[in-house]
Amino acid sequence: MTINIEDFMRIRETSLMKIKAAKDEGQKVVGTYCAYCPQEMILAAGAIPVSLCGTSEKPIAAAEEVLPRNLCPLIKSSYGFAATDTCPFFHFSDLIIGETTCDGKKKMFEIMQDIKPVHVMQLPHLHQLDAALKLWITELRRLRSTLEADLAVEISDDKLWEAIAKVNRETATVKAICDLNKGEPVLSGLDLLTVTWSRHFSSDKNSLLSMLKGLQEELAAGRPVGSAKKPRVLLTGCPVGLGSEKIIRLVEEAGGCIVAMENCSGYKTLELQADSGINDPIVALAQKYMAIPCSCMSPNPYRMELLRHMIEEFRVDAVVDLTWQACHTYNIEAFEVGRLVRDNGLPYLHLESDYSSSDLETLKIRIEALLEMVV
Ligand code: SF4
Ligand code: SF4
């Protein structure tokens, strides 16, 4: 069967129908907001994990009736969808899992508990400390108990290993697809986003894996997207999804090609695999998730390492670093990212924006100026 980008664009729609049918048959749905949520645990509980990260401006006005205006649009959008009951995936969720990543998110989850049950995992913010890993292992065990109690299931180690193998395969295949852009790009930035973002809405990991494998084969055998002469741009910073992709559009309209995205909607988690050689699946999961280089970690050396080797391997000509308004951790880390990029002799552009279209003209001018610097 031929698989193309349009199939990934349809994932949300088709999953919704499948989720509704699964709910009618008694299957549970668990909503997640962050890359730190161990989806393997949800799969091992026999439930469907769905991503609820808000990427639309629409529900923000409603969110601002409760949340401060000066807050990251991703948090406001996510909360707004919940408060207005306008996201069907949130609507179908039996339980929400949140994490104490950034201040805005963790405080928002406290308020969200009024709408749906929310289990908040306490995420330590230091990768390198043994005590931090121990706390995270305890938090994963607490999540296991919550899922078992709330969904009335037993999560066996065997089920966890099965889920781990599935997610490891999915991650490796998505990475292999993204890696195809190391040569002459086979995916535009928008297509890259469509694949990496839409997969989080799939209700069935087995069919998702065959779609990914199918796309990988098609792309490997197919023709590049004709971007050979365009400046190769790496996008880093805050997460982006369909609906909040304005920077990707602007870069590509200005004649650049986003060859890779380091953010958590892109490559940030793709090198991480749970180690099946470890005896305890919870420990394997804890190690994998603690290694995610989000700016909420302090310090966050793996992000710089990842950026360094992505710049080299994807043969990047310029870096765009996107900070959503009021995201302090990515905003401050931009200093270090800028230094790293400039030390590599490349043009760097740090943009601060929100989900509105009010700054499109200014962003366009700044992006065009960046691309002109590519020699
Ligand atoms: S940027 Fe960090 S906190 Fe936000 S969704 Fe991604 S991993 Fe989670
Ligand atoms: S983009 Fe920044 S402020 Fe917004 S949820 Fe992610 S880490 Fe928090």
# chains A, B, ... in the order shown; residues from 1 in each chain; ligands from 1
>>> select_by_dssp(residues="region 26-270 of chain A", states="strand (DSSP E or B)", output="number ranges by chain")
A: 29-32, 48-51, 95-99, 118-121, 232-237, 257-261
>>> residues_near_ligand(ligand="ligand 1", cutoff="9 Å", atoms="only C-alpha atoms and all ligand atoms", output="PyMOL selection string")
chain A and resi 33-37+53+74+99-102+105+237-239+263-265+268-269+292-297+330
>>> residues_around(residues="region 134-148 of chain A", least_positions_apart="5", cutoff="8 Å", atoms="only C-alpha atoms", output="count of residues only")
15
>>> residues_around(residues="Gly241 (chain A)", least_positions_apart="4", cutoff="12 Å", atoms="only C-alpha atoms", output="number ranges by chain")
A: 9, 51-57, 74, 77, 189-201, 245-249, 261, 263-266, 355
>>> write_last_selection(atoms="C-alpha atoms", output="short mmCIF file (atom, residue, chain, number, x, y, z; two decimals), in the first residue's frame")
data_model
loop_
_atom_site.label_atom_id
_atom_site.label_comp_id
_atom_site.auth_asym_id
_atom_site.auth_seq_id
_atom_site.Cartn_x
_atom_site.Cartn_y
_atom_site.Cartn_z
CA MET A 9 -2.83 14.44 7.81
CA SER A 51 -1.65 13.98 22.90
CA LEU A 52 -3.59 17.02 24.09
CA CYS A 53 -1.01 19.79 23.61
CA GLY A 54 -2.91 22.86 22.39
CA THR A 55 -1.63 24.31 19.11
CA SER A 56 -4.52 26.61 18.21
CA GLU A 57 -5.19 30.23 19.08
CA LEU A 74 0.70 26.38 24.50
CA SER A 77 -4.45 26.81 24.36
CA GLY A 189 9.51 21.31 7.11
CA LEU A 190 5.74 21.21 6.96
CA ASP A 191 5.72 17.56 5.90
CA LEU A 192 8.23 16.74 8.62
CA LEU A 193 5.93 18.36 11.16
CA THR A 194 2.88 16.57 9.77
CA VAL A 195 4.53 13.18 10.29
CA THR A 196 6.17 13.79 13.68
CA TRP A 197 3.21 15.63 15.19
CA SER A 198 0.29 13.65 13.77
CA ARG A 199 1.65 10.30 14.94
CA HIS A 200 0.82 11.28 18.53
CA PHE A 201 -2.88 11.07 17.67
CA GLU A 245 3.47 26.19 12.53
CA LYS A 246 3.73 29.81 11.40
CA ILE A 247 7.54 29.95 11.73
CA ILE A 248 7.97 26.86 9.54
CA ARG A 249 5.67 28.37 6.90
CA MET A 261 13.52 20.22 14.07
CA ASN A 263 12.20 20.58 19.53
CA CYS A 264 10.15 17.96 21.37
CA SER A 265 7.67 17.77 18.49
CA GLY A 266 10.71 16.78 16.39
CA TYR A 355 -0.05 31.88 18.39
#
>>> select_by_dssp(residues="region 209-334 of chain A", states="alpha helix (DSSP H)", output="count of residues only")
51
>>> residues_around(residues="region 172-178 of chain A", least_positions_apart="5", cutoff="7 Å", atoms="only C-alpha atoms", output="number ranges by chain")
A: 212-213, 216, 270
>>> write_last_selection(atoms="C-alpha atoms", output="compact mmCIF listing (two decimals), in the first residue's frame")
# COMPACT_ATOMS: atom_id res chain seq x y z
CA LEU A 212 5.72 4.87 9.19
CA LYS A 213 7.54 1.93 7.57
CA GLN A 216 10.07 5.42 5.02
CA LEU A 270 14.21 10.31 18.85
>>> residues_around(residues="region 252-260 of chain A", least_positions_apart="6", cutoff="7 Å", atoms="only C-alpha atoms", output="list in words")
Asn181, Pro185, Ser188, Gly189, Ser227, Lys230, Pro231, Arg232, Val233, Leu234, Leu235, Phe314, Glu368 and Leu371 of chain A
>>> write_last_selection(atoms="N, CA and C atoms", output="PDB file, in the first residue's frame")
ATOM      1  N   ASN A 181      16.462  13.378   5.671  1.00  0.00           N
ATOM      2  CA  ASN A 181      16.733  14.772   5.297  1.00  0.00           C
ATOM      3  C   ASN A 181      18.195  15.186   5.492  1.00  0.00           C
ATOM      4  N   PRO A 185      16.943  17.125   0.910  1.00  0.00           N
ATOM      5  CA  PRO A 185      15.696  16.910   1.657  1.00  0.00           C
ATOM      6  C   PRO A 185      14.615  16.153   0.876  1.00  0.00           C
ATOM      7  N   SER A 188       9.672  18.439   3.248  1.00  0.00           N
ATOM      8  CA  SER A 188       9.713  19.857   3.597  1.00  0.00           C
ATOM      9  C   SER A 188       9.497  19.961   5.108  1.00  0.00           C
ATOM     10  N   GLY A 189       9.717  21.137   5.679  1.00  0.00           N
ATOM     11  CA  GLY A 189       9.513  21.306   7.109  1.00  0.00           C
ATOM     12  C   GLY A 189       8.080  21.007   7.519  1.00  0.00           C
ATOM     13  N   SER A 227      14.735  20.888  -2.921  1.00  0.00           N
ATOM     14  CA  SER A 227      15.238  21.978  -2.084  1.00  0.00           C
ATOM     15  C   SER A 227      16.755  22.004  -2.036  1.00  0.00           C
ATOM     16  N   LYS A 230      18.343  25.393  -1.590  1.00  0.00           N
ATOM     17  CA  LYS A 230      17.789  26.289  -0.568  1.00  0.00           C
ATOM     18  C   LYS A 230      18.613  26.242   0.711  1.00  0.00           C
ATOM     19  N   PRO A 231      18.669  27.372   1.459  1.00  0.00           N
ATOM     20  CA  PRO A 231      19.369  27.324   2.745  1.00  0.00           C
ATOM     21  C   PRO A 231      18.734  26.283   3.669  1.00  0.00           C
ATOM     22  N   ARG A 232      19.593  25.478   4.294  1.00  0.00           N
ATOM     23  CA  ARG A 232      19.117  24.382   5.154  1.00  0.00           C
ATOM     24  C   ARG A 232      19.006  24.923   6.585  1.00  0.00           C
ATOM     25  N   VAL A 233      17.778  24.949   7.081  1.00  0.00           N
ATOM     26  CA  VAL A 233      17.523  25.577   8.374  1.00  0.00           C
ATOM     27  C   VAL A 233      17.154  24.529   9.423  1.00  0.00           C
ATOM     28  N   LEU A 234      17.735  24.688  10.611  1.00  0.00           N
ATOM     29  CA  LEU A 234      17.362  23.844  11.756  1.00  0.00           C
ATOM     30  C   LEU A 234      16.456  24.676  12.666  1.00  0.00           C
ATOM     31  N   LEU A 235      15.316  24.108  13.034  1.00  0.00           N
ATOM     32  CA  LEU A 235      14.414  24.794  13.966  1.00  0.00           C
ATOM     33  C   LEU A 235      14.583  24.173  15.346  1.00  0.00           C
ATOM     34  N   PHE A 314      22.991  17.250   9.694  1.00  0.00           N
ATOM     35  CA  PHE A 314      21.979  17.734   8.746  1.00  0.00           C
ATOM     36  C   PHE A 314      22.536  18.858   7.863  1.00  0.00           C
ATOM     37  N   GLU A 368      13.748  36.651   6.583  1.00  0.00           N
ATOM     38  CA  GLU A 368      14.380  36.959   5.281  1.00  0.00           C
ATOM     39  C   GLU A 368      15.806  37.475   5.489  1.00  0.00           C
ATOM     40  N   LEU A 371      18.073  34.538   6.233  1.00  0.00           N
ATOM     41  CA  LEU A 371      18.395  33.713   5.053  1.00  0.00           C
ATOM     42  C   LEU A 371      19.381  34.429   4.118  1.00  0.00           C
TER      43      LEU A 371
END
